[in-house]
Structure formats: C-alpha cells, structure tokens
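Here's coords_32.cif, which has mmCIF, C-alpha atoms and all ligand atoms:
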```cif
data_upload
#
loop_
_atom_site.group_PDB
_atom_site.id
_atom_site.type_symbol
_atom_site.label_atom_id
_atom_site.label_comp_id
_atom_site.auth_asym_id
_atom_site.auth_seq_id
_atom_site.Cartn_x
_atom_site.Cartn_y
_atom_site.Cartn_z
ATOM 1 C CA MET K 24 71.413 98.111 159.483
ATOM 2 C CA ASP K 25 69.525 94.855 159.737
ATOM 3 C CA LEU K 26 72.187 92.309 160.571
ATOM 4 C CA PHE K 27 69.864 89.482 159.631
ATOM 5 C CA ALA K 28 68.577 90.710 156.270
ATOM 6 C CA GLN K 29 69.190 88.154 153.552
ATOM 7 C CA ASP K 30 67.486 88.054 150.165
ATOM 8 C CA THR K 31 67.024 84.378 149.573
ATOM 9 C CA PRO K 32 68.868 82.377 152.173
ATOM 10 C CA SER K 33 69.617 78.859 151.005
ATOM 11 C CA LYS K 34 67.451 76.419 152.912
ATOM 12 C CA VAL K 35 67.876 72.671 152.574
ATOM 13 C CA MET K 36 65.374 70.362 154.251
ATOM 14 C CA LEU K 37 67.125 67.512 156.080
ATOM 15 C CA ALA K 38 64.117 65.742 157.597
ATOM 16 C CA PRO K 39 60.592 66.745 158.650
ATOM 17 C CA GLY K 40 61.118 69.770 160.903
ATOM 18 C CA ALA K 41 64.852 70.009 160.202
ATOM 19 C CA CYS K 42 66.707 72.326 157.860
ATOM 20 C CA TRP K 43 70.153 73.592 156.982
ATOM 21 C CA LEU K 44 70.400 77.368 156.500
ATOM 22 C CA SER K 45 73.646 77.770 154.644
ATOM 23 C CA GLY K 46 75.541 80.982 155.470
ATOM 24 C CA PHE K 47 72.680 82.299 157.598
ATOM 25 C CA ALA K 48 74.960 83.606 160.375
ATOM 26 C CA LEU K 49 77.486 85.300 158.058
ATOM 27 C CA PRO K 50 75.958 88.825 158.209
ATOM 28 C CA CYS K 51 76.189 88.930 162.016
ATOM 29 C CA MET K 52 79.539 87.124 162.267
ATOM 30 C CA PRO K 53 81.774 90.120 163.089
ATOM 31 C CA VAL K 54 79.572 91.065 166.070
ATOM 32 C CA LEU K 55 78.980 87.444 167.044
ATOM 33 C CA TRP K 56 82.673 86.560 167.020
ATOM 34 C CA SER K 57 83.649 89.602 169.036
ATOM 35 C CA CYS K 58 81.087 88.660 171.757
ATOM 36 C CA LEU K 59 82.144 85.043 171.681
ATOM 37 C CA ALA K 60 85.892 85.674 171.799
ATOM 38 C CA GLN K 61 85.364 87.936 174.798
ATOM 39 C CA HIS K 62 83.223 85.311 176.525
ATOM 40 C CA LEU K 63 85.729 82.531 175.887
ATOM 41 C CA SER K 64 88.620 84.492 177.352
ATOM 42 C CA ALA K 65 86.613 85.210 180.538
ATOM 43 C CA HIS K 66 85.042 81.723 180.705
ATOM 44 C CA PRO K 67 87.540 79.345 179.103
ATOM 45 C CA PRO K 68 85.999 76.177 177.678
ATOM 46 C CA ARG K 69 86.757 72.980 179.598
ATOM 47 C CA GLN K 70 86.480 69.298 178.931
ATOM 48 C CA MET K 71 83.419 68.016 180.797
ATOM 49 C CA MET K 72 83.378 64.457 182.083
ATOM 50 C CA THR K 73 80.950 61.891 180.755
ATOM 51 C CA PRO K 74 78.967 59.792 183.239
ATOM 52 C CA MET K 75 81.111 56.896 181.979
ATOM 53 C CA GLY K 76 84.086 58.659 183.574
ATOM 54 C CA TYR K 77 86.096 59.837 180.579
ATOM 55 C CA PRO K 78 86.506 63.408 179.311
ATOM 56 C CA MET K 79 84.417 64.625 176.376
ATOM 57 C CA SER K 80 86.294 65.216 173.144
ATOM 58 C CA VAL K 81 85.105 68.845 172.879
ATOM 59 C CA ARG K 82 85.727 71.671 175.339
ATOM 60 C CA THR K 83 82.608 73.550 176.434
ATOM 61 C CA SER K 84 81.442 76.811 177.986
ATOM 62 C CA SER K 85 77.922 78.249 178.328
ATOM 63 C CA MET K 86 75.856 81.418 178.312
ATOM 64 C CA GLY K 87 72.268 82.067 179.351
ATOM 65 C CA ASP K 88 70.101 81.051 182.310
ATOM 66 C CA TRP K 89 71.093 77.409 182.019
ATOM 67 C CA GLY K 90 74.469 75.912 181.190
ATOM 68 C CA TRP K 91 74.712 72.353 179.981
ATOM 69 C CA VAL K 92 77.077 70.407 182.188
ATOM 70 C CA GLY K 93 78.439 66.878 182.112
ATOM 71 C CA SER K 94 79.914 65.133 185.131
ATOM 72 C CA ALA K 95 80.258 61.730 186.737
ATOM 73 C CA ALA K 96 76.733 62.359 188.108
ATOM 74 C CA GLY K 97 75.230 62.638 184.614
ATOM 75 C CA TYR K 98 74.291 65.302 182.091
ATOM 76 C CA GLY K 99 71.987 68.236 182.670
ATOM 77 C CA TYR K 100 71.420 71.961 182.977
ATOM 78 C CA GLN K 101 72.826 74.055 185.822
ATOM 79 C CA ALA K 102 72.296 77.733 186.635
ATOM 80 C CA ALA K 103 75.894 78.178 187.838
ATOM 81 C CA ASP K 104 79.268 77.434 186.304
ATOM 82 C CA PRO K 105 80.705 74.533 188.349
ATOM 83 C CA ALA K 106 84.180 76.103 187.967
ATOM 84 C CA ASN K 107 83.365 79.267 189.932
ATOM 85 C CA HIS K 108 79.782 78.784 191.216
ATOM 86 C CA GLN K 109 78.743 82.005 189.449
ATOM 87 C CA PRO K 110 75.680 82.262 187.181
ATOM 88 C CA TRP K 111 76.541 81.889 183.517
ATOM 89 C CA PRO K 112 76.778 85.231 181.675
ATOM 90 C CA ALA K 113 73.663 86.423 179.833
ATOM 91 C CA MET K 114 73.348 85.673 176.131
ATOM 92 C CA PRO K 115 74.136 88.741 174.034
ATOM 93 C CA GLU K 116 71.411 90.241 171.876
ATOM 94 C CA VAL K 117 73.171 89.179 168.661
ATOM 95 C CA ILE K 118 72.832 85.504 169.668
ATOM 96 C CA LEU K 119 69.191 85.822 170.794
ATOM 97 C CA GLN K 120 68.306 87.512 167.507
ATOM 98 C CA LEU K 121 70.220 85.014 165.412
ATOM 99 C CA ALA K 122 68.449 82.133 167.187
ATOM 100 C CA ALA K 123 65.005 83.681 166.745
ATOM 101 C CA THR K 124 65.461 84.595 163.077
ATOM 102 C CA ALA K 125 66.963 81.216 162.153
ATOM 103 C CA ALA K 126 64.161 79.378 163.966
ATOM 104 C CA GLN K 127 61.633 81.585 162.183
ATOM 105 C CA GLN K 128 63.161 80.720 158.785
ATOM 106 C CA ALA K 129 62.787 77.062 159.709
ATOM 107 C CA GLY K 130 59.128 77.528 160.642
ATOM 108 C CA TYR K 131 59.387 77.965 164.421
ATOM 109 C CA ALA K 132 57.949 81.293 165.598
ATOM 110 C CA ASP K 133 58.931 83.056 168.822
ATOM 111 C CA PHE K 134 61.938 80.928 169.752
ATOM 112 C CA VAL K 135 63.595 82.311 172.885
ATOM 113 C CA PRO K 136 66.503 80.122 173.988
ATOM 114 C CA ASP K 137 67.589 80.157 177.630
ATOM 115 C CA SER K 138 70.772 78.183 177.049
ATOM 116 C CA CYS K 139 73.719 78.591 174.692
ATOM 117 C CA LEU K 140 76.225 75.760 174.809
ATOM 118 C CA ILE K 141 79.554 76.607 173.207
ATOM 119 C CA ASN K 142 81.364 73.529 171.908
ATOM 120 C CA VAL K 143 84.999 74.061 170.915
ATOM 121 C CA TYR K 144 86.450 71.427 168.575
ATOM 122 C CA ALA K 145 90.225 71.259 168.221
ATOM 123 C CA PRO K 146 91.370 69.239 165.178
ATOM 124 C CA GLY K 147 90.509 65.592 165.860
ATOM 125 C CA SER K 148 87.621 66.455 168.215
ATOM 126 C CA LYS K 149 84.270 64.863 167.468
ATOM 127 C CA MET K 150 80.855 64.252 168.977
ATOM 128 C CA GLY K 151 79.291 60.795 168.928
ATOM 129 C CA LEU K 152 75.701 60.209 167.795
ATOM 130 C CA HIS K 153 73.318 61.324 170.531
ATOM 131 C CA GLN K 154 69.871 62.826 171.142
ATOM 132 C CA ASP K 155 69.345 66.209 172.825
ATOM 133 C CA LYS K 156 66.899 65.154 175.496
ATOM 134 C CA ASP K 157 67.792 67.023 178.688
ATOM 135 C CA GLU K 158 65.292 69.811 177.928
ATOM 136 C CA GLN K 159 61.795 70.012 179.410
ATOM 137 C CA ASP K 160 59.830 71.202 176.398
ATOM 138 C CA PHE K 161 60.320 69.297 173.160
ATOM 139 C CA THR K 162 58.002 71.647 171.248
ATOM 140 C CA GLN K 163 60.942 74.084 171.151
ATOM 141 C CA PRO K 164 63.530 73.578 168.393
ATOM 142 C CA ILE K 165 67.317 73.470 168.511
ATOM 143 C CA VAL K 166 69.347 76.072 166.645
ATOM 144 C CA SER K 167 72.950 75.126 165.954
ATOM 145 C CA VAL K 168 75.480 77.663 164.596
ATOM 146 C CA SER K 169 78.864 76.734 163.079
ATOM 147 C CA LEU K 170 81.984 78.902 163.218
ATOM 148 C CA GLY K 171 85.526 78.278 162.031
ATOM 149 C CA LEU K 172 86.824 75.051 160.485
ATOM 150 C CA PRO K 173 84.425 72.947 158.416
ATOM 151 C CA ALA K 174 82.914 69.785 159.864
ATOM 152 C CA THR K 175 80.795 66.880 158.753
ATOM 153 C CA PHE K 176 77.532 66.990 160.718
ATOM 154 C CA LEU K 177 75.829 63.605 160.926
ATOM 155 C CA PHE K 178 72.043 63.818 161.008
ATOM 156 C CA GLY K 179 70.291 60.513 161.610
ATOM 157 C CA GLY K 180 66.801 59.544 162.624
ATOM 158 C CA ALA K 181 64.716 58.549 165.609
ATOM 159 C CA ARG K 182 66.773 55.388 166.168
ATOM 160 C CA ARG K 183 70.494 55.205 166.820
ATOM 161 C CA THR K 184 70.770 52.675 163.999
ATOM 162 C CA ASP K 185 69.185 55.013 161.391
ATOM 163 C CA LYS K 186 71.865 55.827 158.816
ATOM 164 C CA PRO K 187 72.846 59.500 159.161
ATOM 165 C CA VAL K 188 73.110 61.915 156.246
ATOM 166 C CA LYS K 189 76.431 63.776 156.100
ATOM 167 C CA ILE K 190 76.125 67.564 156.040
ATOM 168 C CA PRO K 191 79.299 69.512 155.148
ATOM 169 C CA LEU K 192 78.906 72.468 157.520
ATOM 170 C CA VAL K 193 81.071 75.553 157.106
ATOM 171 C CA HIS K 194 81.584 78.827 158.938
ATOM 172 C CA GLY K 195 78.278 80.707 159.204
ATOM 173 C CA ASP K 196 75.972 77.749 158.584
ATOM 174 C CA VAL K 197 72.981 77.176 160.849
ATOM 175 C CA VAL K 198 71.058 73.947 161.332
ATOM 176 C CA VAL K 199 67.624 73.982 162.970
ATOM 177 C CA TRP K 200 65.721 70.900 164.041
ATOM 178 C CA GLY K 201 62.498 70.436 165.947
ATOM 179 C CA GLY K 202 58.986 69.095 165.561
ATOM 180 C CA ALA K 203 59.077 65.542 164.197
ATOM 181 C CA SER K 204 62.903 65.506 164.244
ATOM 182 C CA ARG K 205 63.433 67.178 167.647
ATOM 183 C CA ARG K 206 64.901 64.010 169.153
ATOM 184 C CA PHE K 207 66.714 62.714 166.074
ATOM 185 C CA TYR K 208 70.222 61.331 166.595
ATOM 186 C CA HIS K 209 73.064 63.561 165.443
ATOM 187 C CA GLY K 210 76.816 63.948 165.856
ATOM 188 C CA VAL K 211 79.977 65.442 164.396
ATOM 189 C CA ALA K 212 82.775 63.530 162.599
ATOM 190 C CA PRO K 213 86.370 64.283 163.711
ATOM 191 C CA VAL K 214 87.298 67.835 162.675
ATOM 192 C CA GLN K 215 90.178 67.940 160.184
ATOM 193 C CA PRO K 216 93.202 70.144 160.949
ATOM 194 C CA GLY K 217 93.209 73.572 159.325
ATOM 195 C CA GLN K 218 93.308 77.278 159.917
ATOM 196 C CA HIS K 219 90.241 79.496 159.651
ATOM 197 C CA PRO K 220 91.014 83.166 158.851
ATOM 198 C CA LEU K 221 88.735 84.542 161.607
ATOM 199 C CA ILE K 222 88.369 81.725 164.142
ATOM 200 C CA GLY K 223 91.821 80.086 163.892
ATOM 201 C CA PRO K 224 92.663 76.363 164.080
ATOM 202 C CA GLN K 225 89.329 75.225 165.542
ATOM 203 C CA ARG K 226 85.626 74.735 164.980
ATOM 204 C CA ILE K 227 83.146 76.318 167.385
ATOM 205 C CA ASN K 228 79.483 75.394 167.552
ATOM 206 C CA LEU K 229 76.730 77.208 169.416
ATOM 207 C CA THR K 230 73.832 75.001 170.478
ATOM 208 C CA LEU K 231 70.839 77.195 171.341
ATOM 209 C CA ARG K 232 68.064 75.514 173.271
ATOM 210 C CA LYS K 233 65.170 76.200 175.579
ATOM 211 C CA ALA K 234 66.134 74.115 178.564
ATOM 212 C CA ARG K 235 63.278 74.915 180.964
HETATM 213 O O1 LIG O 301 78.707 70.723 167.153
HETATM 214 C C1 LIG O 301 77.653 70.434 166.594
HETATM 215 O O2 LIG O 301 77.446 70.713 165.404
HETATM 216 C C2 LIG O 301 76.572 69.687 167.340
HETATM 217 C C3 LIG O 301 76.554 69.946 168.816
HETATM 218 C C4 LIG O 301 75.528 69.136 169.537
HETATM 219 O O3 LIG O 301 74.959 68.224 169.017
HETATM 220 C C5 LIG O 301 75.166 69.455 170.929
HETATM 221 O O4 LIG O 301 75.720 70.412 171.497
HETATM 222 O O5 LIG O 301 74.308 68.753 171.492
HETATM 223 FE FE FE O 302 73.294 67.518 170.230
#
```

For this file, produce the structure as structure tokens.
Amino acid sequence: MDLFAQDTPSKVMLAPGACWLSGFALPCMPVLWSCLAQHLSAHPPRQMMTPMGYPMSVRTSSMGDWGWVGSAAGYGYQAADPANHQPWPAMPEVILQLAATAAQQAGYADFVPDSCLINVYAPGSKMGLHQDKDEQDFTQPIVSVSLGLPATFLFGGARRTDKPVKIPLVHGDVVVWGGASRRFYHGVAPVQPGQHPLIGPQRINLTLRKAR
C-alpha cells in the first residue's frame, strides 16, 4: 500500500514558495502516531529555556542527526540530547517519506531532513512570531506537520511587522515553506482546550528541517 497516495490533495498557496497541504498526513497518521507516541514516552518533551531566561511555552523533543535546543546560551542544533547526552534517535522512515513527499508536492525535490523537532502544545501554549534561521542551507524548505487539536498558524512576511495571515490548521495538515518565503515570520496562536480522539488534549507539531 502506498501510504502517501492521494488523488488530488488540496494545496493552498500562502506566499511565494509556501503552501498548505490540507490533510496530507492523514493516510500515514496511524503509523506516524504509533512511532511518535513511542518516541515521546522514551524521550519526554521538556520546556527549553529561552536565551532571555524564561521557559518556552511549548515542550519539545527531537529526532534525527540534529536536535533543536534552546538554553540560556542561545538557540541551535545539537547532536546529543542535553538531558542524557545520548544522540537523538533516528527519524523513522514514515517521517522521512512524509517530509519528502510533502516537499515534492510543494515544488521542492529531494528533501532529506536531518532534524525533526517535536513541539507539544498543551491548551494555552503558543509560539511567538519568529524566523527559522538556525539552519546552514536556506535553499532547503521547512515541512511542518500538525497532529491533534486545531491551531491558528500565523504566517507573516519577511519583516516582523508584516501582518500575518491566519491559517486554521487541523490534524493531518502540512505546511511547507521555502524559496522566497524560507525566512518568513511565523507563529502559533494559543491552542484552545479540547480533546482530540487520537492525540488527546494537546496539539503536536513536527518541524522537519535540514539543519546542516
Ligand atoms: O507549531 C507550529 O506549527 C510551528 C512550529 C515552528 O515554527 C518551529 O518549530 O519553528
Ligand atoms: Fe518556526
């Protein structure tokens, strides 16, 4: 069975180089969630510190060669989990394939991420407007996968002051941005309380990137 076969996936352009693939991850969700749930029980997500000295609103864990880590020293990618000094676990095939096929749909061939950041949003958690700029190669896109509770994704422009569009993301949606919008500001409005039948009372987002 081809887990990624979809007749006409809905694709909404958000900006040059950026698109919203609604429901794109639904066919692989049972396999994806079983891998992810297993990972999260072995590598529980934690609140990273911001360089400003306060904890981030989301809890995070990572997979792949490079984990994204925040601390008083700044943000960046690290090969080992600071909690146990072990390398992060490898990304499962289902995630690598999902990333590559979603990127392909968005016009980016041969995307091979080496980092999967797992952001866990409890109700009330949010992410302020920011740019993803800790990676070395900005020709590679970002693939972002939503699971669980819905959330309003804010997608702005090249300047922090550019007014963001509000994207109502739901379970299984994928957003891809790169090219002209690779460094566009984006964020997530506070997640509203609720219960998702598969994922429970939370939103989880996978941010797939090529860090190095
Ligand atoms: O949770 C999201 O939808 C966005 C996550 C994000 O922007 C990031 O991990 O850099
Ligand atoms: Fe981001």

Next on the checklist: Which residues are near range 181-189 of chain K? Cut-off 9 Å, only C-alpha atoms, ignore same chain within fewer than 3 positions. Put them as number ranges by chain.
Outcome noted: K: 37, 152-154, 175-178, 204-210

Expected file contents, prior selection, C-alpha atoms, as a PDB file, in the frame of the given file:
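In the end it all went to part_23.pdb:
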```pdb
ATOM      1  CA  LEU K  37      67.125  67.512 156.080  1.00  0.00           C
ATOM      2  CA  LEU K 152      75.701  60.209 167.795  1.00  0.00           C
ATOM      3  CA  HIS K 153      73.318  61.324 170.531  1.00  0.00           C
ATOM      4  CA  GLN K 154      69.871  62.826 171.142  1.00  0.00           C
ATOM      5  CA  THR K 175      80.795  66.880 158.753  1.00  0.00           C
ATOM      6  CA  PHE K 176      77.532  66.990 160.718  1.00  0.00           C
ATOM      7  CA  LEU K 177      75.829  63.605 160.926  1.00  0.00           C
ATOM      8  CA  PHE K 178      72.043  63.818 161.008  1.00  0.00           C
ATOM      9  CA  SER K 204      62.903  65.506 164.244  1.00  0.00           C
ATOM     10  CA  ARG K 205      63.433  67.178 167.647  1.00  0.00           C
ATOM     11  CA  ARG K 206      64.901  64.010 169.153  1.00  0.00           C
ATOM     12  CA  PHE K 207      66.714  62.714 166.074  1.00  0.00           C
ATOM     13  CA  TYR K 208      70.222  61.331 166.595  1.00  0.00           C
ATOM     14  CA  HIS K 209      73.064  63.561 165.443  1.00  0.00           C
ATOM     15  CA  GLY K 210      76.816  63.948 165.856  1.00  0.00           C
TER      16      GLY K 210
END
```

Next on the checklist: At a cut-off of 10 Å, using only C-alpha atoms, what residues contact Gly201 in chain K? Leave out same-chain residues fewer than 6 positions from it and give the result as a ChimeraX atom specification.
Outcome noted: /K:38-42,126,129-131,161-166,207

Item to check | Test item: residues no farther than 7 Å from ligand LIG 301 (chain O), counting all atoms listed in the file, as a list of chain:residue names | outcome: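 These are the residues that qualify: K:Leu140, K:Asn142, K:Asp155, K:Ser167, K:Ser169, K:Phe176, K:His209, K:Gly210, K:Val211, K:Asn228, K:Thr230.
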
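Every protein or nucleic acid residue with an atom no more than 9 Å from range 52-69 of chain K, counting only C-alpha atoms and leaving out same-chain residues fewer than 4 positions away, appears here: Ala48, Val81, Arg82, Thr83, Ser84, Ser85, Met86, Trp111, Pro112, Pro115, Val117, Ile118, Ile141, Asn142, Val143, Leu170, Gly195, Leu221 and Ile222 of chain K.
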
Item to check | Hits of the PyMOL selection byres (((chain K and resi 193) around 8) and not hetatm) in this structure, as a PyMOL selection string | outcome: chain K and resi 46+169-174+191-192+194-196

Next on the checklist: Can you spell out as a ChimeraX atom specification the set of residues that the PyMOL selection byres (((chain K and resi 159) around 7) and not hetatm) selects in the structure I just provided?
Outcome noted: /K:157-158,160-161,234-235

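Comparing the minimum interatomic distances between ligand FE 302 (chain O) and each of K:Gly217, K:Ser80, K:Lys156, K:Ile190, counting all atoms listed in the file, we find that K:Lys156 sits nearest.
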
Next on the checklist: Can you measure CA of Pro50 in chain K to CA of Asp137 in chain K for me? One decimal in Å is fine.
Outcome noted: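 CA of Asp137 in chain K lies 22.9 Å from CA of Pro50 in chain K.
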
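Counting from CA of Pro213 in chain K, the distance to CA of Trp43 in chain K is 19.9 Å.
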
Item to check | Residues matched by the PyMOL selection byres (((chain K and resi 134) around 9) and not hetatm) as a ChimeraX atom specification | outcome: /K:119,122-124,126-127,131-133,135-136,163-164,232-233

Checklist entry - Near Leu44 in chain K, counting all atoms listed in the file, which residues have an atom at most 7 Å away, once you skip same-chain residues fewer than 4 positions from it, shown as a ChimeraX atom specification? => result /K:32-35,196-198

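Distances from K:Lys149, K:Val199, K:Gly99, K:Cys51 to Glu116 in chain K were compared using all atoms listed in the file, and the smallest one belongs to K:Cys51.
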
Checklist entry - So how far away is CA of Asp104 in chain K from CA of Trp91 in chain K, in Å? => result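 If I compute the distance from CA of Trp91 in chain K to CA of Asp104 in chain K, I get 9.3 Å.
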